[in-house]
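Before any comments, here is the structure.
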Amino acid sequence: MIIYSLIARASTDVVFVEHSLPGVSGNFTTVTNTLVKKLTLQDGARRTFIYDHNTTDEELQSLTNNGMENNDVSGSNFYFVSQEKGILYICLSDDAGKQRKIFSFLEDMRAKFTQKYSERQIKNAIAYGMDRAFSSIISKTMHEYNTDPNAGARTGASMVNDLVENTKEIMSKNIDKVLSRGDQIDLVVEKADAMEIDSKQFVKKSREIKRSAEYRDWQIKMGAMGVLLLFFAFALFSTCGLFLGKCVTGN
């Protein structure tokens, strides 16, 4: 059973969040804080350490160096530790025979923690800055792994399936975006075609209007010339007579 768990920044005293089962007592919180400060691991490392109620800081340092080797494990509890990107994920359990399941719990806790908080938030977080918001998530995860025999199996094929499904979902969203962009491109092309048709119709209409204007202008000019000719003829006939006899006789 998982008794206690926490998340902290490695090699410091900054514990982001911790949670223990109700009614559990012991000095494990003090020992864990010492473990966080003294433990030096590389990212990706996993370790298991022995703990009992009489563990001192000096013994903890020895356990840090030697792990579970050459130690009497009867009646003891066990620390399970993993580190990723300078962050320690630790839990205390009374069963060392379920290492795979318990390390799966730590991985599950890490996944939920990094999903909820960005690297910048984690980097700038203060001690117990996430305790209020994330403690309940740890509590639910602990309960799941303590009560569900199949909890932790997600590290195998089911996790791969989830990864595949997530990848498919991401690809589907990307395809939708591409298709959406394609639709937008088609719409732009359609608008461009429509604009080209409209422009051709505009040019044709402009030419027709121009021809019509030129024809009206020609009609006006011809009408004006006709009026002038009629006026000149009227003046001439009025002065010289219908057959211009008066003008010819006068001369």
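Chain identifiers are assigned as A, B, and so on, following the order in which chains appear in the structure tokens; residues are numbered from 1 within each chain, and ligands are numbered from 1 in order of appearance.
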
- Considering only C-alpha atoms, return as a list of chain:residue names whatever protein or nucleic-acid residues lie within 12 Å of A:Thr141, sequence-local ones (same chain, fewer than 5 positions apart) excluded.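 Residues near the query, excluding close chain neighbours: A:Ile2, A:Ile3, A:Tyr4, A:Ser5, A:His19, A:Ser20, A:Leu21, A:Cys91, A:Ile102, A:Ser104, A:Phe105, A:Leu106, A:Glu107, A:Asp108, A:Met109, A:Arg110, A:Ala111, A:Lys112, A:Phe113, A:Phe134, A:Ser135, A:Ser136, A:Asn146, A:Thr147, A:Asp148, A:Ala151, A:Gly152.
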
For the residues in the current selection, export N, CA, C and O atoms as a CSV table (one decimal), in the first residue's frame.
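Written output follows (result22.csv):
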chain,number,residue,atom,x,y,z
A,2,ILE,N,0.5,2.2,-0.8
A,2,ILE,CA,1.2,3.5,-0.8
A,2,ILE,C,0.7,4.4,0.3
A,2,ILE,O,-0.5,4.6,0.5
A,3,ILE,N,1.6,4.7,1.2
A,3,ILE,CA,1.3,5.4,2.5
A,3,ILE,C,1.4,6.9,2.3
A,3,ILE,O,0.6,7.7,2.8
A,4,TYR,N,2.4,7.4,1.6
A,4,TYR,CA,2.8,8.8,1.6
A,4,TYR,C,3.5,9.1,0.2
A,4,TYR,O,4.2,8.2,-0.3
A,5,SER,N,3.2,10.3,-0.3
A,5,SER,CA,3.9,10.6,-1.5
A,5,SER,C,4.1,12.2,-1.6
A,5,SER,O,3.4,12.9,-0.9
A,19,HIS,N,1.2,14.3,0.3
A,19,HIS,CA,0.0,13.8,0.8
A,19,HIS,C,0.2,12.4,1.5
A,19,HIS,O,1.0,11.6,1.0
A,20,SER,N,-0.4,12.2,2.6
A,20,SER,CA,-0.3,10.9,3.3
A,20,SER,C,-1.7,10.4,3.7
A,20,SER,O,-2.7,11.2,3.8
A,21,LEU,N,-1.8,9.1,3.9
A,21,LEU,CA,-3.0,8.5,4.2
A,21,LEU,C,-3.5,8.9,5.6
A,21,LEU,O,-2.7,9.1,6.5
A,91,CYS,N,7.5,8.2,-3.1
A,91,CYS,CA,6.3,7.7,-2.3
A,91,CYS,C,6.9,6.7,-1.4
A,91,CYS,O,8.0,6.1,-1.6
A,102,ILE,N,4.3,0.4,-8.3
A,102,ILE,CA,4.6,1.7,-7.5
A,102,ILE,C,5.3,2.7,-8.4
A,102,ILE,O,5.0,3.9,-8.4
A,104,SER,N,5.0,2.8,-11.5
A,104,SER,CA,4.0,3.2,-12.4
A,104,SER,C,3.1,4.4,-11.8
A,104,SER,O,2.7,5.3,-12.5
A,105,PHE,N,2.9,4.2,-10.5
A,105,PHE,CA,2.2,5.3,-9.8
A,105,PHE,C,3.0,6.6,-9.8
A,105,PHE,O,2.5,7.7,-10.1
A,106,LEU,N,4.3,6.5,-9.6
A,106,LEU,CA,5.2,7.7,-9.7
A,106,LEU,C,5.1,8.3,-11.1
A,106,LEU,O,5.1,9.5,-11.3
A,107,GLU,N,5.1,7.5,-12.1
A,107,GLU,CA,5.1,7.9,-13.5
A,107,GLU,C,3.7,8.6,-13.8
A,107,GLU,O,3.6,9.6,-14.4
A,108,ASP,N,2.7,8.0,-13.2
A,108,ASP,CA,1.3,8.6,-13.4
A,108,ASP,C,1.2,9.9,-12.7
A,108,ASP,O,0.7,10.9,-13.2
A,109,MET,N,1.8,10.0,-11.5
A,109,MET,CA,1.8,11.3,-10.8
A,109,MET,C,2.6,12.3,-11.5
A,109,MET,O,2.2,13.5,-11.6
A,110,ARG,N,3.8,11.9,-12.1
A,110,ARG,CA,4.6,12.9,-12.9
A,110,ARG,C,3.8,13.4,-14.1
A,110,ARG,O,3.8,14.6,-14.4
A,111,ALA,N,3.1,12.5,-14.8
A,111,ALA,CA,2.4,12.9,-16.0
A,111,ALA,C,1.3,13.9,-15.6
A,111,ALA,O,1.1,14.9,-16.3
A,112,LYS,N,0.6,13.6,-14.6
A,112,LYS,CA,-0.5,14.5,-14.2
A,112,LYS,C,0.0,15.9,-13.7
A,112,LYS,O,-0.5,16.9,-14.0
A,113,PHE,N,1.2,15.8,-13.0
A,113,PHE,CA,1.8,17.1,-12.5
A,113,PHE,C,2.3,17.9,-13.7
A,113,PHE,O,2.0,19.1,-13.7
A,134,PHE,N,-3.0,20.4,-5.9
A,134,PHE,CA,-2.6,19.1,-6.4
A,134,PHE,C,-2.7,18.0,-5.4
A,134,PHE,O,-2.6,16.8,-5.8
A,135,SER,N,-2.8,18.3,-4.1
A,135,SER,CA,-2.9,17.3,-3.1
A,135,SER,C,-4.0,16.4,-3.3
A,135,SER,O,-3.9,15.1,-3.1
A,136,SER,N,-5.2,16.9,-3.7
A,136,SER,CA,-6.3,16.1,-4.0
A,136,SER,C,-6.1,15.1,-5.1
A,136,SER,O,-6.6,14.0,-5.1
A,146,ASN,N,-4.0,1.9,-4.7
A,146,ASN,CA,-4.1,1.1,-3.5
A,146,ASN,C,-5.3,0.1,-3.5
A,146,ASN,O,-5.4,-0.9,-2.8
A,147,THR,N,-6.3,0.5,-4.3
A,147,THR,CA,-7.5,-0.3,-4.4
A,147,THR,C,-7.8,-1.1,-5.7
A,147,THR,O,-8.5,-2.1,-5.7
A,148,ASP,N,-7.2,-0.6,-6.8
A,148,ASP,CA,-7.4,-1.3,-8.1
A,148,ASP,C,-6.2,-2.2,-8.4
A,148,ASP,O,-5.1,-1.7,-8.6
A,151,ALA,N,-4.4,-1.2,-11.6
A,151,ALA,CA,-3.8,0.1,-11.7
A,151,ALA,C,-2.3,-0.1,-11.9
A,151,ALA,O,-1.7,-1.0,-11.3
A,152,GLY,N,-1.8,0.7,-12.8
A,152,GLY,CA,-0.3,0.5,-13.2
A,152,GLY,C,-0.1,-0.3,-14.4
A,152,GLY,O,0.9,-0.2,-15.0

- Task: Would you kindly return, as a list in words, each protein, DNA or RNA residue with an atom no farther than 12 Å from any atom of A:Glu119, considering only C-alpha atoms and excluding same-chain residues fewer than 3 positions away?
- Result: Glu84, Lys85, Gly86, Ile87, Phe113, Thr114, Gln115, Lys116, Ile122, Lys123, Asn124 and Ala125 of chain A

Store the residues picked out above in a file with N, CA, C and O atoms, as a CSV table (one decimal), in the first residue's frame.
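This went into result-v4.csv:
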chain,number,residue,atom,x,y,z
A,84,GLU,N,12.9,13.4,-12.8
A,84,GLU,CA,12.8,13.8,-14.2
A,84,GLU,C,12.9,15.3,-14.2
A,84,GLU,O,12.2,16.0,-13.5
A,85,LYS,N,13.8,15.8,-15.0
A,85,LYS,CA,14.0,17.3,-15.2
A,85,LYS,C,14.2,18.0,-13.9
A,85,LYS,O,13.7,19.1,-13.6
A,86,GLY,N,15.0,17.4,-13.0
A,86,GLY,CA,15.4,18.0,-11.7
A,86,GLY,C,14.2,18.0,-10.7
A,86,GLY,O,14.3,18.6,-9.6
A,87,ILE,N,13.2,17.2,-10.9
A,87,ILE,CA,12.1,17.1,-10.0
A,87,ILE,C,12.0,15.7,-9.5
A,87,ILE,O,12.0,14.7,-10.3
A,113,PHE,N,1.2,15.8,-13.0
A,113,PHE,CA,1.8,17.1,-12.5
A,113,PHE,C,2.3,17.9,-13.7
A,113,PHE,O,2.0,19.1,-13.7
A,114,THR,N,3.0,17.3,-14.6
A,114,THR,CA,3.5,18.1,-15.8
A,114,THR,C,2.4,18.5,-16.7
A,114,THR,O,2.6,19.5,-17.5
A,115,GLN,N,1.3,17.8,-16.7
A,115,GLN,CA,0.2,18.2,-17.5
A,115,GLN,C,-0.5,19.4,-16.9
A,115,GLN,O,-1.0,20.3,-17.7
A,116,LYS,N,-0.6,19.5,-15.6
A,116,LYS,CA,-1.2,20.6,-15.0
A,116,LYS,C,-0.4,21.8,-14.9
A,116,LYS,O,-0.9,23.0,-15.0
A,122,ILE,N,6.6,25.4,-12.7
A,122,ILE,CA,7.4,24.5,-11.8
A,122,ILE,C,8.7,25.1,-11.4
A,122,ILE,O,9.1,25.1,-10.2
A,123,LYS,N,9.4,25.8,-12.3
A,123,LYS,CA,10.6,26.4,-12.0
A,123,LYS,C,10.5,27.5,-11.0
A,123,LYS,O,11.3,27.7,-10.2
A,124,ASN,N,9.4,28.3,-11.1
A,124,ASN,CA,9.2,29.4,-10.2
A,124,ASN,C,8.4,29.1,-9.0
A,124,ASN,O,8.1,30.0,-8.2
A,125,ALA,N,8.0,27.9,-8.8
A,125,ALA,CA,7.1,27.5,-7.7
A,125,ALA,C,7.9,27.6,-6.3
A,125,ALA,O,9.1,27.3,-6.3

- Task: Could you check which of A:Ala153, A:Ala8, A:Gln42, A:Glu18 is closest to A:Ile137, using only C-alpha atoms?
- Result: A:Glu18

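For the pair atom CA of A:Gly129 and atom CA of A:Ala10, the interatomic distance is 15.7 Å.
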
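Residue neighbourhood of A:Asp94, excluding near-sequence residues (fewer than 5 positions): Met1, Ile2, Ile3, Gly75, Ser76, Asn77, Phe78 and Tyr79 of chain A, at 9 Å, using only C-alpha atoms.
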
- Interatomic distance (Å, one decimal) between atom CA of A:Phe80 and atom CA of A:Thr40: 14.1 Å

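With only C-alpha atoms as the atoms that count, the residue of A:Val17, A:Leu236, A:Leu92, A:Asp193 with the shortest distance to A:Ile126 is A:Val17.
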
- Item | Who sits within 9 Å of A:Ala45, only C-alpha atoms, same chain under 6 positions skipped, as a ChimeraX atom specification | /A:81-84

Write out, as an mmCIF file, in the first residue's frame, the residues just selected, with N, CA, C and O atoms.
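The resulting selection_22.cif:
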data_model
loop_
_atom_site.group_PDB
_atom_site.id
_atom_site.type_symbol
_atom_site.label_atom_id
_atom_site.label_comp_id
_atom_site.auth_asym_id
_atom_site.auth_seq_id
_atom_site.Cartn_x
_atom_site.Cartn_y
_atom_site.Cartn_z
ATOM 1 N N VAL A 81 11.707 6.244 -5.489
ATOM 2 C CA VAL A 81 12.088 7.577 -5.954
ATOM 3 C C VAL A 81 12.370 7.547 -7.453
ATOM 4 O O VAL A 81 13.042 6.634 -7.951
ATOM 5 N N SER A 82 11.876 8.545 -8.163
ATOM 6 C CA SER A 82 12.250 8.754 -9.563
ATOM 7 C C SER A 82 12.487 10.243 -9.770
ATOM 8 O O SER A 82 11.928 11.076 -9.055
ATOM 9 N N GLN A 83 13.323 10.557 -10.737
ATOM 10 C CA GLN A 83 13.649 11.963 -10.996
ATOM 11 C C GLN A 83 13.532 12.243 -12.482
ATOM 12 O O GLN A 83 14.021 11.486 -13.318
ATOM 13 N N GLU A 84 12.889 13.363 -12.812
ATOM 14 C CA GLU A 84 12.775 13.831 -14.188
ATOM 15 C C GLU A 84 12.909 15.346 -14.199
ATOM 16 O O GLU A 84 12.208 16.042 -13.462
#

- Which one of A:Val227, A:Ala233, A:Leu187, A:Met142 sits closest to A:Pro22 if you count only C-alpha atoms?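 Checking each candidate against A:Pro22, we get A:Met142 as the closest.
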
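With atom CA of A:Asp13 on one side and atom CA of A:Gln121 on the other, the separation reads 17.4 Å.
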